[in-house]
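Asker: Enclosed is the structure file upload_28.cif (mmCIF, C-alpha atoms).
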data_run
#
loop_
_atom_site.label_atom_id
_atom_site.label_comp_id
_atom_site.auth_asym_id
_atom_site.auth_seq_id
_atom_site.Cartn_x
_atom_site.Cartn_y
_atom_site.Cartn_z
CA MET A 15 159.44 89.39 -120.30
CA ASN A 16 162.32 88.30 -122.48
CA ASP A 17 162.60 84.90 -124.16
CA ASP A 18 164.88 83.39 -121.49
CA VAL A 19 162.53 84.25 -118.63
CA ARG A 20 159.53 83.03 -120.61
CA ASN A 21 161.25 79.72 -121.33
CA ILE A 22 162.10 79.28 -117.67
CA VAL A 23 158.51 79.99 -116.61
CA LEU A 24 157.13 77.61 -119.22
CA GLY A 25 159.59 74.93 -118.12
CA VAL A 26 158.57 75.28 -114.47
CA MET A 27 154.89 75.13 -115.43
CA ALA A 28 155.43 72.03 -117.57
CA THR A 29 157.35 70.35 -114.75
CA ALA A 30 154.58 71.16 -112.25
CA ILE A 31 151.85 69.87 -114.57
CA SER A 32 153.80 66.73 -115.36
CA GLY A 33 154.52 66.09 -111.67
CA GLY A 34 150.89 66.66 -110.73
CA PHE A 35 149.67 64.32 -113.44
CA GLY A 36 152.19 61.68 -112.37
CA TRP A 37 151.09 61.98 -108.73
CA PHE A 38 147.43 61.70 -109.74
CA SER A 39 148.13 58.64 -111.89
CA ARG A 40 150.10 56.90 -109.17
CA THR A 41 147.42 57.66 -106.60
CA TYR A 42 144.65 56.42 -108.90
CA LEU A 43 146.49 53.19 -109.66
CA TRP A 44 147.31 52.62 -105.99
CA ARG A 45 143.69 53.14 -104.95
CA ARG A 46 142.41 50.87 -107.70
CA ALA A 47 144.87 48.14 -106.68
CA LEU A 48 143.83 48.57 -103.04
CA ARG A 49 140.12 48.25 -103.90
CA ARG A 50 140.78 45.06 -105.86
CA LYS A 51 142.85 43.67 -103.00
CA GLN A 52 140.15 44.52 -100.48
CA ALA A 53 137.46 42.91 -102.67
CA PHE A 54 139.50 39.73 -103.14
CA PHE A 55 140.12 39.29 -99.42
CA GLY A 56 136.69 40.57 -98.38
CA LEU A 57 138.34 43.27 -96.28
CA PRO A 58 136.94 46.77 -96.88
CA THR A 59 138.47 49.55 -94.81
CA GLY A 60 137.46 49.31 -91.15
CA SER A 61 135.94 45.84 -91.48
CA ASP A 62 136.54 42.97 -89.08
CA CYS A 63 137.94 39.54 -89.93
CA LEU A 64 138.63 36.34 -88.08
CA PHE A 65 141.98 34.56 -87.87
CA VAL A 66 141.64 30.99 -86.62
CA VAL A 67 144.90 29.58 -85.30
CA ASN A 68 145.63 25.90 -84.78
CA ARG A 69 147.53 24.12 -82.05
CA GLN A 70 150.96 22.62 -82.42
CA MET A 71 150.71 18.98 -83.43
CA GLY A 72 151.68 16.91 -80.41
CA GLY A 73 151.60 19.97 -78.16
CA THR A 74 149.04 21.36 -75.76
CA ASP A 75 145.87 23.07 -76.97
CA SER A 76 147.40 26.48 -76.26
CA SER A 77 150.77 25.93 -77.95
CA LEU A 78 151.49 27.37 -81.39
CA HIS A 79 154.35 26.24 -83.60
CA ARG A 80 156.85 28.91 -84.60
CA ASN A 81 156.11 28.46 -88.32
CA ASP A 82 152.39 28.83 -87.67
CA ALA A 83 153.16 32.09 -85.87
CA PHE A 84 155.09 33.21 -88.96
CA ALA A 85 152.05 32.30 -91.09
CA LEU A 86 150.01 34.57 -88.85
CA LEU A 87 152.46 37.40 -89.51
CA GLU A 88 152.35 36.81 -93.28
CA ILE A 89 148.57 37.13 -93.37
CA SER A 90 148.39 39.92 -90.78
CA SER A 91 150.38 42.16 -93.14
CA LEU A 92 147.71 41.64 -95.82
CA ILE A 93 144.96 42.50 -93.35
CA ARG A 94 146.80 45.62 -92.22
CA ASP A 95 147.35 46.77 -95.82
CA CYS A 96 143.59 46.55 -96.41
CA GLY A 97 142.88 48.70 -93.35
CA ALA A 98 140.88 45.96 -91.63
CA ASN A 99 140.79 44.72 -88.05
CA VAL A 100 141.60 41.15 -87.01
CA GLN A 101 140.30 39.01 -84.19
CA ILE A 102 142.51 36.03 -83.37
CA VAL A 103 140.81 32.95 -81.94
CA THR A 104 141.92 29.40 -81.31
CA HIS A 105 140.45 26.66 -83.46
CA ASP A 106 138.31 25.20 -80.65
CA ALA A 107 136.83 28.58 -79.72
CA ALA A 108 135.64 29.61 -83.21
CA ARG A 109 132.00 28.65 -82.83
CA GLN A 110 130.32 30.71 -85.54
CA GLY A 111 129.28 30.48 -89.14
CA PHE A 112 130.97 32.01 -92.15
CA GLY A 113 130.13 34.65 -94.73
CA GLU A 114 129.46 37.64 -92.50
CA ARG A 115 133.14 38.50 -92.21
CA ALA A 116 136.30 37.30 -93.85
CA GLU A 117 138.09 34.40 -92.22
CA PHE A 118 141.64 33.04 -92.41
CA CYS A 119 141.97 29.50 -91.11
CA VAL A 120 145.46 28.00 -90.81
CA GLY A 121 146.41 24.40 -90.13
CA GLY A 122 145.41 20.92 -91.25
CA PRO A 123 142.58 18.91 -89.66
CA VAL A 124 144.98 17.16 -87.28
CA SER A 125 145.69 20.42 -85.47
CA ASN A 126 142.67 22.56 -86.37
CA SER A 127 139.08 21.41 -85.79
CA ARG A 128 137.81 24.43 -87.72
CA THR A 129 139.63 23.12 -90.80
CA THR A 130 137.91 19.77 -90.32
CA ALA A 131 134.53 21.52 -90.44
CA HIS A 132 135.46 23.57 -93.52
CA LEU A 133 136.69 20.52 -95.40
CA ALA A 134 133.49 18.63 -94.65
CA SER A 135 131.19 21.53 -95.54
CA LEU A 136 133.01 23.32 -98.35
CA LEU A 137 135.57 20.87 -99.78
CA PRO A 138 133.90 17.44 -99.47
CA GLY A 139 136.12 15.94 -102.15
CA VAL A 140 139.24 16.26 -100.00
CA ARG A 141 140.37 13.47 -97.70
CA VAL A 142 143.20 13.89 -95.18
CA ASP A 143 144.69 10.99 -93.24
CA VAL A 144 144.55 12.15 -89.62
CA SER A 145 146.10 9.06 -88.05
CA THR A 146 148.68 9.75 -85.38
CA GLU A 147 150.60 6.51 -85.80
CA PRO A 148 153.74 6.62 -87.99
CA GLY A 149 153.18 5.34 -91.51
CA PRO A 150 153.50 6.32 -95.17
CA ASP A 151 149.95 7.72 -95.34
CA ARG A 152 150.10 9.83 -92.21
CA GLY A 153 148.92 13.33 -93.15
CA ALA A 154 148.40 12.33 -96.80
CA ILE A 155 146.01 14.51 -98.81
CA GLY A 156 143.64 12.74 -101.19
CA VAL A 157 141.86 14.69 -103.91
CA GLY A 158 140.83 13.98 -107.48
CA GLY A 159 141.78 10.32 -107.23
CA GLU A 160 145.39 11.16 -106.31
CA THR A 161 147.15 10.80 -102.98
CA TYR A 162 149.82 13.30 -101.97
CA ARG A 163 152.05 11.91 -99.23
CA TRP A 164 154.27 13.84 -96.88
CA GLU A 165 157.94 12.99 -97.31
CA ARG A 166 159.76 14.47 -94.35
CA GLY A 167 162.23 17.11 -95.43
CA VAL A 168 161.68 16.32 -99.11
CA ALA A 169 158.10 17.19 -100.09
CA GLU A 170 155.23 18.69 -98.10
CA TYR A 171 151.81 19.58 -99.48
CA VAL A 172 149.36 22.31 -98.58
CA LEU A 173 145.88 23.18 -99.81
CA LEU A 174 145.23 26.88 -100.34
CA ALA A 175 141.59 27.78 -100.90
CA ARG A 176 139.33 30.80 -101.18
CA LEU A 177 135.78 29.71 -100.42
CA VAL A 178 132.51 31.61 -100.77
CA THR A 179 129.05 30.15 -100.31
CA GLN A 180 127.17 32.77 -102.33
CA ARG A 181 127.69 36.11 -104.01
CA GLY A 182 128.06 39.06 -101.69
CA THR A 183 129.32 37.07 -98.70
CA ARG A 184 132.80 37.32 -97.26
CA PRO A 185 135.31 34.58 -98.14
CA VAL A 186 137.02 31.94 -96.05
CA PHE A 187 140.72 31.50 -96.81
CA LEU A 188 141.92 28.05 -95.85
CA VAL A 189 145.59 27.12 -95.53
CA SER A 190 145.65 23.40 -94.74
CA GLY A 191 149.17 22.00 -94.74
CA GLN A 192 150.70 18.72 -93.69
CA THR A 193 153.18 20.52 -91.41
CA ALA A 194 153.64 23.89 -89.76
CA ASN A 195 156.32 24.64 -92.36
CA SER A 196 153.86 24.01 -95.20
CA ASN A 197 151.28 26.19 -93.44
CA GLN A 198 153.74 29.06 -93.51
CA ALA A 199 154.57 28.30 -97.14
CA GLY A 200 150.88 28.45 -98.06
CA ALA A 201 150.41 31.76 -96.26
CA ARG A 202 153.51 33.17 -97.95
CA TYR A 203 152.29 31.98 -101.37
CA LEU A 204 148.98 33.78 -100.77
CA ALA A 205 150.76 36.98 -99.73
CA ARG A 206 153.09 36.93 -102.74
CA ASN A 207 150.66 35.76 -105.42
CA HIS A 208 147.29 37.24 -104.44
CA ARG A 209 147.30 39.54 -107.48
CA GLU A 210 147.69 36.61 -109.87
CA LEU A 211 145.06 34.62 -108.00
CA GLU A 212 142.66 37.58 -108.10
CA ARG A 213 143.18 38.05 -111.83
CA LYS A 214 142.56 34.35 -112.48
CA TYR A 215 139.64 33.66 -110.13
CA GLY A 216 138.12 37.04 -109.31
CA ASP A 217 135.33 36.61 -106.76
CA ASP A 218 134.97 32.86 -107.34
CA SER A 219 135.98 30.03 -105.04
CA PHE A 220 139.17 28.15 -105.79
CA CYS A 221 141.36 25.46 -104.29
CA VAL A 222 144.95 24.89 -105.36
CA LEU A 223 147.48 22.32 -104.21
CA LEU A 224 151.04 23.46 -103.49
CA ARG A 225 154.20 21.46 -102.88
CA VAL A 226 156.99 22.67 -100.60
CA VAL A 227 160.28 21.39 -101.99
CA ASN A 228 163.25 20.23 -99.90
CA SER A 229 162.17 21.93 -96.71
CA ASP A 230 165.24 20.63 -94.85
CA ALA A 231 167.35 22.96 -97.00
CA TYR A 232 164.95 25.74 -97.99
CA GLY A 233 162.30 25.84 -95.28
CA PRO A 234 159.06 27.39 -96.63
CA ASP A 235 160.79 29.42 -99.35
CA VAL A 236 160.61 27.06 -102.35
CA THR A 237 156.97 26.35 -103.16
CA GLU A 238 155.55 25.20 -106.47
CA LEU A 239 152.02 24.91 -107.78
CA VAL A 240 150.94 21.30 -108.28
CA GLY A 241 147.60 22.23 -109.80
CA ASP A 242 144.09 23.60 -109.52
CA VAL A 243 141.93 21.01 -107.73
CA THR A 244 138.84 23.17 -107.29
CA ARG A 245 136.40 20.94 -109.14
CA ALA A 246 137.58 17.71 -107.51
CA ALA A 247 137.79 19.27 -104.05
CA ARG A 248 134.22 20.62 -104.21
CA THR A 249 132.73 17.37 -105.53
CA PRO A 250 131.78 14.85 -102.81
CA VAL A 251 133.84 11.68 -103.06
CA ALA A 252 130.78 9.45 -103.51
CA ALA A 253 129.51 11.61 -106.37
CA ALA A 254 132.92 11.67 -108.01
CA ALA A 255 133.15 7.88 -107.79
#
Spell out the structure here as structure tokens.
Answerer:
Amino acid sequence: MNDDVRNIVLGVMATAISGGFGWFSRTYLWRRALRRKQAFFGLPTGSDCLFVVNRQMGGTDSSLHRNDAFALLEISSLIRDCGANVQIVTHDAARQGFGERAEFCVGGPVSNSRTTAHLASLLPGVRVDVSTEPGPDRGAIGVGGETYRWERGVAEYVLLARLVTQRGTRPVFLVSGQTANSNQAGARYLARNHRELERKYGDDSFCVLLRVVNSDAYGPDVTELVGDVTRAARTPVAAAA
């Protein structure tokens, strides 16, 4: 074997080794990221989860707003990526506890009775004005001594929470917005920022408040973080006072 042939053989071997190592590294990193994603959402491969849908505000019990349907699609892609199975139920048919399987609950207490139960049980420091009459406080979210009012087309607020009752149980993800548009914005924020949320909170519960800006122009696309309200949201109002 002359020097040219030997150099060619060595080059091919080096390329194969380098390619194999790169493939192994990419596969390892992908699997590690998938495991972390599955742990954060409580969705191991082949597991079941519950998706609780609300009704359209002002509509019939069976109607679903288009933006809420888009929120369902946003979260369904996360569930599919984790290799889990989803059962979709309406808010008034979800008569079961939480912790045995992951749950995604979308919609504020006006349109979702399951949200009402979760707020009372898991986020007792949150108050939502559920009045149906027009007024400045309609749909307003109160938490931590502050009131966040819905300004049509200008500012909409949504609570995004990951809630666990004890270690080892599956989480409840709550997306409680003032409008269907803010529900979709909350679901989209979760889909886009779950890695940052996982790095910050790990397996712990959290509750953050988001603001959807100028929805008349941007729809659910421009969303900003108002702040972490976990402590205030989990402290009963009477105790906080």
Asker: Assuming the chain letters and numbering stay as they are in my file, what does the PyMOL selection byres ((chain A and resi 99) around 8) actually select? List them as a list in words.
Answerer: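 Here the PyMOL selection byres ((chain A and resi 99) around 8) matches Gly60, Ser61, Asp62, Cys63, Ile93, Arg94, Gly97, Ala98, Val100 and Gln101 of chain A.
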Asker: Hey, which of A:Ala116, A:Gly200, A:Asn195, A:Arg166 ends up closest to Pro148 in chain A? Count only C-alpha atoms.
Answerer: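 Of A:Ala116, A:Gly200, A:Asn195, A:Arg166, the one nearest Pro148 in chain A is A:Arg166, counting only C-alpha atoms.
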Asker: Between CA of Asp235 in chain A and CA of Gly153 in chain A, what is the distance in Å, rounded to a tenth?
Answerer: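 Taking CA of Asp235 in chain A as the start and CA of Gly153 in chain A as the end point, the length is 20.9 Å.
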Asker: Which residues would end up in the selection if the PyMOL selection byres ((chain A and resi 187) around 6) were applied here, given that I need the answer as a list in words?
Answerer: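 Taken on the displayed file, the PyMOL selection byres ((chain A and resi 187) around 6) yields the residues Phe118, Ala175, Arg176, Val186 and Leu188 of chain A.
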Asker: Suppose we keep C-alpha atoms; can you now write the selection as a CSV table (one decimal), in the coordinates of the input?
Answerer:
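The resulting file, again-v8.csv, is shown below:
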chain,number,residue,atom,x,y,z
A,118,PHE,CA,141.6,33.0,-92.4
A,175,ALA,CA,141.6,27.8,-100.9
A,176,ARG,CA,139.3,30.8,-101.2
A,186,VAL,CA,137.0,31.9,-96.0
A,188,LEU,CA,141.9,28.0,-95.8
Asker: Quick one: pull the distance between CA of Phe65 in chain A and CA of Ser219 in chain A, Å, one decimal.
Answerer: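 Computing it gives 18.7 Å between the two atoms.
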Asker: Can you work out the spacing between CA of Gly156 in chain A and CA of Val142 in chain A in Å, to one decimal?
Answerer: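 Going from CA of Gly156 in chain A over to CA of Val142 in chain A, I get 6.1 Å.
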Asker: List the neighbours of Leu48 in chain A out to 12 Å using all atoms listed in the file; skip same-chain residues closer than 2 positions along the sequence, and give me the result as number ranges by chain.
Answerer: A: 41-46, 50-59, 92-97, 208-209
Asker: Name the residues captured by the PyMOL selection byres ((chain A and resi 227) around 10) when it is applied to the shown file; answer as a ChimeraX atom specification.
Answerer: /A:165,167-171,196,224-226,228-238
Asker: Could you name the residues that touch Gly182 in chain A at 10 Å or less, counting all atoms listed in the file, but leaving out those on the same chain fewer than 5 positions away, as a list in words?
Answerer: Gly56, Gly113, Glu114 and Asp217 of chain A
Asker: Write a file of the selected residues as a short mmCIF file (atom, residue, chain, number, x, y, z; two decimals), in the frame of the given file, keeping C-alpha atoms.
Answerer:
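Generated file (selection30.cif):
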data_model
loop_
_atom_site.label_atom_id
_atom_site.label_comp_id
_atom_site.auth_asym_id
_atom_site.auth_seq_id
_atom_site.Cartn_x
_atom_site.Cartn_y
_atom_site.Cartn_z
CA GLY A 56 136.69 40.57 -98.38
CA GLY A 113 130.13 34.65 -94.73
CA GLU A 114 129.46 37.64 -92.50
CA ASP A 217 135.33 36.61 -106.76
#
Asker: Which of these, A:Val144, A:Leu137, A:Ala194, A:Ala47, has the shortest distance to Val157 in chain A once you count all atoms listed in the file?
Answerer: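 Among A:Val144, A:Leu137, A:Ala194, A:Ala47, it is A:Leu137 that comes nearest to Val157 in chain A.
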Asker: Counting only C-alpha atoms, what is within 8 Å of range 246-251 of chain A, bar same-chain residues fewer than 4 positions away, as a list in words?
Answerer: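 Once the nearby chain positions are removed, what remains is Leu136, Leu137, Pro138, Gly139, Val140, Val157, Gly158, Cys221 and Ala255 of chain A.
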Asker: Measuring between only C-alpha atoms, which one of A:Thr161, A:Thr104, A:Ser145, A:Asn68 shows the shortest distance to Arg80 in chain A?
Answerer: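 Comparing A:Thr161, A:Thr104, A:Ser145, A:Asn68 against Arg80 in chain A, the winner is A:Asn68.
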Asker: Skipping near chain neighbours, those fewer than 4 positions away, what residues fall within 6 Å of Val66 in chain A using all atoms listed in the file, listed as number ranges by chain?
Answerer: A: 103-105, 119
